[in-house]
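Below you'll find the structure, written out as structure tokens, and then a few comments.
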Amino acid sequence: MARWQISPPMALALDLARTAAAGGEVPVGAVVVRDGVIVGEGHNLTRTTCDPTAHAEIVAIRRAAEALGDERLTGCDLYVTLEPCAMCAGAIAHARIGRLYYGASDPKGGGVEHGAQVFRHAQCLHVPEVYSGMGGGEAAELLRGFFAERR
């Protein structure tokens with residue numbers, strides 16, 4: 001895992017994660033960027049919307065696709081505070097995201113470097129470049145604090 005300076009999109013994703021936590025959602029935030037412009041952003045909304053698919057990545061991808069008028073997000077980068085789960089990794093592949101930057105690893109529920117490792121399957125339609133660790137310490141601390149308060 002590389003050590004990163006936090007980029008502006010990841011800083012925004014971390015702010016979105018804090019917003020999620022303040023609303024009682026698991027603190028995960030995501031930002032989609034194309035050509036240096038934010039085209040979609042989101043945070044976990046599963047509890048708020050009673051929608052198990054409303055993970056930060058899915059929310060951000062939906063908003064980006066709507067903003068761009070295209071289900072293919074070719075040339076877009078996704079910044080997310082936590083390693084995407086298998087569902088989100090599948091959505092990232094289907095959206096044709098070019099690069100994925102994520103903060104904290106998720107050994108229990110991750111689907112990129114842990115668990116299902118979606119991008120390593122021959123059936124995966126598209127594999128983005130993956131960079132882990134950007135803002136990982138701060139993202140992990142947000143998650144630890146969130147769950148510690150609920151125990």
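Ligands are numbered from 1 in the order shown, residues from 1 within each chain, and chains are lettered A, B, ... in the order they appear in the structure tokens.
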- request: List every residue of stretch 20-137 of chain A that DSSP, applied to the backbone, labels as strand (DSSP E or B), and write the result as a ChimeraX atom specification.
  value: /A:29-34,37-43,76-82,99-104,129-132
Store the residues picked out above, limited to N, CA, C and O atoms, as a short mmCIF file (atom, residue, chain, number, x, y, z; two decimals), in the first residue's frame.
```cif
data_model
loop_
_atom_site.label_atom_id
_atom_site.label_comp_id
_atom_site.auth_asym_id
_atom_site.auth_seq_id
_atom_site.Cartn_x
_atom_site.Cartn_y
_atom_site.Cartn_z
N GLY A 29 -17.49 8.01 1.75
CA GLY A 29 -17.78 9.03 0.76
C GLY A 29 -17.09 8.71 -0.55
O GLY A 29 -16.05 8.04 -0.55
N ALA A 30 -17.66 9.19 -1.65
CA ALA A 30 -17.10 8.91 -2.97
C ALA A 30 -17.28 10.11 -3.89
O ALA A 30 -18.28 10.83 -3.80
N VAL A 31 -16.32 10.29 -4.79
CA VAL A 31 -16.33 11.40 -5.74
C VAL A 31 -15.87 10.87 -7.10
O VAL A 31 -14.88 10.16 -7.20
N VAL A 32 -16.61 11.24 -8.15
CA VAL A 32 -16.23 10.90 -9.53
C VAL A 32 -15.72 12.17 -10.20
O VAL A 32 -16.37 13.22 -10.14
N VAL A 33 -14.57 12.05 -10.85
CA VAL A 33 -13.91 13.19 -11.49
C VAL A 33 -13.61 12.84 -12.95
O VAL A 33 -13.15 11.74 -13.25
N ARG A 34 -13.89 13.79 -13.83
CA ARG A 34 -13.47 13.67 -15.24
C ARG A 34 -12.77 14.96 -15.63
O ARG A 34 -13.31 16.05 -15.45
N VAL A 37 -12.71 17.80 -13.18
CA VAL A 37 -13.99 18.36 -12.76
C VAL A 37 -14.82 17.29 -12.06
O VAL A 37 -14.95 16.17 -12.56
N ILE A 38 -15.37 17.64 -10.91
CA ILE A 38 -16.22 16.70 -10.18
C ILE A 38 -17.55 16.59 -10.92
O ILE A 38 -18.23 17.60 -11.15
N VAL A 39 -17.90 15.36 -11.31
CA VAL A 39 -19.14 15.13 -12.05
C VAL A 39 -20.16 14.33 -11.23
O VAL A 39 -21.30 14.18 -11.65
N GLY A 40 -19.74 13.80 -10.10
CA GLY A 40 -20.66 13.06 -9.23
C GLY A 40 -20.04 12.88 -7.87
O GLY A 40 -18.83 12.76 -7.74
N GLU A 41 -20.88 12.91 -6.86
CA GLU A 41 -20.39 12.67 -5.51
C GLU A 41 -21.51 12.04 -4.71
O GLU A 41 -22.69 12.13 -5.08
N GLY A 42 -21.13 11.38 -3.63
CA GLY A 42 -22.14 10.77 -2.78
C GLY A 42 -21.53 10.20 -1.52
O GLY A 42 -20.32 10.10 -1.40
N HIS A 43 -22.41 9.85 -0.60
CA HIS A 43 -22.00 9.15 0.61
C HIS A 43 -23.03 8.07 0.86
O HIS A 43 -24.08 8.02 0.19
N CYS A 76 -13.21 8.66 -16.46
CA CYS A 76 -13.49 9.17 -15.11
C CYS A 76 -12.66 8.42 -14.08
O CYS A 76 -12.31 7.25 -14.27
N ASP A 77 -12.37 9.11 -13.00
CA ASP A 77 -11.68 8.54 -11.85
C ASP A 77 -12.67 8.53 -10.69
O ASP A 77 -13.47 9.46 -10.55
N LEU A 78 -12.58 7.50 -9.85
CA LEU A 78 -13.42 7.42 -8.66
C LEU A 78 -12.53 7.42 -7.44
O LEU A 78 -11.58 6.64 -7.35
N TYR A 79 -12.84 8.32 -6.51
CA TYR A 79 -12.15 8.42 -5.23
C TYR A 79 -13.15 7.98 -4.17
O TYR A 79 -14.24 8.56 -4.09
N VAL A 80 -12.78 7.00 -3.37
CA VAL A 80 -13.68 6.51 -2.33
C VAL A 80 -12.87 6.24 -1.07
O VAL A 80 -11.72 5.81 -1.14
N THR A 81 -13.48 6.48 0.08
CA THR A 81 -12.74 6.40 1.33
C THR A 81 -12.50 4.98 1.81
O THR A 81 -11.61 4.76 2.63
N LEU A 82 -13.25 4.01 1.32
CA LEU A 82 -13.12 2.62 1.74
C LEU A 82 -13.06 1.71 0.53
O LEU A 82 -13.74 1.98 -0.48
N ARG A 99 -9.84 4.91 -13.37
CA ARG A 99 -8.95 4.74 -12.21
C ARG A 99 -9.77 4.79 -10.94
O ARG A 99 -10.66 5.62 -10.80
N LEU A 100 -9.41 3.89 -10.02
CA LEU A 100 -10.04 3.83 -8.71
C LEU A 100 -8.99 4.15 -7.66
O LEU A 100 -7.93 3.50 -7.62
N TYR A 101 -9.26 5.15 -6.84
CA TYR A 101 -8.42 5.49 -5.70
C TYR A 101 -9.25 5.24 -4.45
O TYR A 101 -10.34 5.79 -4.33
N TYR A 102 -8.74 4.40 -3.55
CA TYR A 102 -9.49 4.23 -2.31
C TYR A 102 -8.57 4.36 -1.12
O TYR A 102 -7.37 4.13 -1.20
N GLY A 103 -9.18 4.75 0.00
CA GLY A 103 -8.43 5.01 1.22
C GLY A 103 -8.17 3.76 2.03
O GLY A 103 -7.14 3.10 1.87
N ALA A 104 -9.08 3.44 2.92
CA ALA A 104 -8.89 2.32 3.85
C ALA A 104 -9.19 0.98 3.18
O ALA A 104 -10.14 0.87 2.40
N GLU A 129 -7.49 0.96 -13.31
CA GLU A 129 -6.25 1.04 -12.55
C GLU A 129 -6.67 1.25 -11.10
O GLU A 129 -7.60 2.02 -10.83
N VAL A 130 -6.01 0.58 -10.16
CA VAL A 130 -6.39 0.67 -8.75
C VAL A 130 -5.22 1.19 -7.93
O VAL A 130 -4.10 0.69 -8.05
N TYR A 131 -5.51 2.20 -7.10
CA TYR A 131 -4.53 2.79 -6.21
C TYR A 131 -5.13 2.83 -4.81
O TYR A 131 -6.20 3.43 -4.61
N SER A 132 -4.47 2.20 -3.86
CA SER A 132 -5.01 2.15 -2.50
C SER A 132 -4.16 2.98 -1.55
O SER A 132 -3.00 3.26 -1.82
#
```
query: Would you give me, as a VMD selection string, the residues in chain A that DSSP reads as alpha helix (DSSP H)?
result: chain A and resid 8 to 22 46 to 49 56 to 68 86 to 95 136 to 149
Would you save the residues of that selection, restricted to C-alpha atoms, as a tab-separated table (two decimals), in the first residue's frame?
```tsv
chain	number	residue	atom	x	y	z
A	8	PRO	CA	-8.72	17.48	-3.30
A	9	PRO	CA	-11.18	14.81	-4.54
A	10	MET	CA	-10.21	12.47	-1.69
A	11	ALA	CA	-10.46	15.34	0.80
A	12	LEU	CA	-14.03	15.91	-0.47
A	13	ALA	CA	-14.76	12.17	-0.19
A	14	LEU	CA	-13.60	12.29	3.44
A	15	ASP	CA	-15.89	15.28	4.07
A	16	LEU	CA	-18.76	13.32	2.54
A	17	ALA	CA	-17.92	10.38	4.82
A	18	ARG	CA	-18.21	12.73	7.80
A	19	THR	CA	-21.60	13.88	6.50
A	20	ALA	CA	-22.70	10.25	6.26
A	21	ALA	CA	-21.62	9.60	9.86
A	22	ALA	CA	-23.47	12.70	11.09
A	46	THR	CA	-28.54	2.85	2.73
A	47	ARG	CA	-30.33	3.59	6.01
A	48	THR	CA	-31.69	6.97	4.95
A	49	THR	CA	-33.24	5.62	1.74
A	56	ALA	CA	-21.35	5.88	-1.64
A	57	GLU	CA	-19.81	4.57	-4.86
A	58	ILE	CA	-23.17	3.68	-6.42
A	59	VAL	CA	-24.65	7.06	-5.45
A	60	ALA	CA	-21.67	8.91	-6.95
A	61	ILE	CA	-21.68	6.78	-10.12
A	62	ARG	CA	-25.44	7.33	-10.61
A	63	ARG	CA	-25.03	11.08	-10.21
A	64	ALA	CA	-22.06	11.19	-12.58
A	65	ALA	CA	-23.86	9.13	-15.23
A	66	GLU	CA	-26.86	11.45	-14.99
A	67	ALA	CA	-24.69	14.59	-15.15
A	68	LEU	CA	-22.79	13.28	-18.19
A	86	ALA	CA	-18.07	-6.70	-4.57
A	87	MET	CA	-21.31	-4.96	-5.60
A	88	CYS	CA	-19.58	-1.60	-5.99
A	89	ALA	CA	-16.58	-3.14	-7.76
A	90	GLY	CA	-19.02	-4.64	-10.26
A	91	ALA	CA	-20.65	-1.23	-10.79
A	92	ILE	CA	-17.22	0.35	-11.25
A	93	ALA	CA	-16.41	-2.22	-13.95
A	94	HIS	CA	-19.78	-1.77	-15.70
A	95	ALA	CA	-19.40	2.03	-15.62
A	136	GLY	CA	-6.46	5.58	4.35
A	137	GLY	CA	-5.48	6.50	7.89
A	138	GLU	CA	-8.11	9.20	8.20
A	139	ALA	CA	-10.77	7.04	6.56
A	140	ALA	CA	-10.00	4.11	8.87
A	141	GLU	CA	-10.17	6.39	11.90
A	142	LEU	CA	-13.58	7.70	10.84
A	143	LEU	CA	-14.84	4.12	10.58
A	144	ARG	CA	-13.32	3.03	13.90
A	145	GLY	CA	-14.81	6.03	15.68
A	146	PHE	CA	-18.23	5.49	14.11
A	147	PHE	CA	-18.44	1.85	15.17
A	148	ALA	CA	-16.91	2.48	18.61
A	149	GLU	CA	-19.73	4.93	19.37
```
field: Option closest in space to A:Ser7, from A:Pro128, A:Gly23, A:Gly115, A:Gly36 [counting only C-alpha atoms]
entry: A:Gly36
task: Using only C-alpha atoms, determine which residues lie at most 8 Å from A:Gly75, disregarding the query and same-chain residues fewer than 3 positions distant; provide the list as a list in words.
output: Arg34, Asp35, Ile97 and Gly98 of chain A
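The smallest atom-to-atom distance between A:Val118 and any of A:Leu73, A:Arg151, A:Pro84, A:Thr53, using only C-alpha atoms, is found for A:Pro84.
The space between atom CA of A:Gly110 and atom CA of A:Cys85 spans 4.4 Å.
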field: Nearest candidate to A:Gln5 (options A:Val28, A:Leu125, A:Met134, A:Ala116; using only C-alpha atoms)
entry: A:Met134
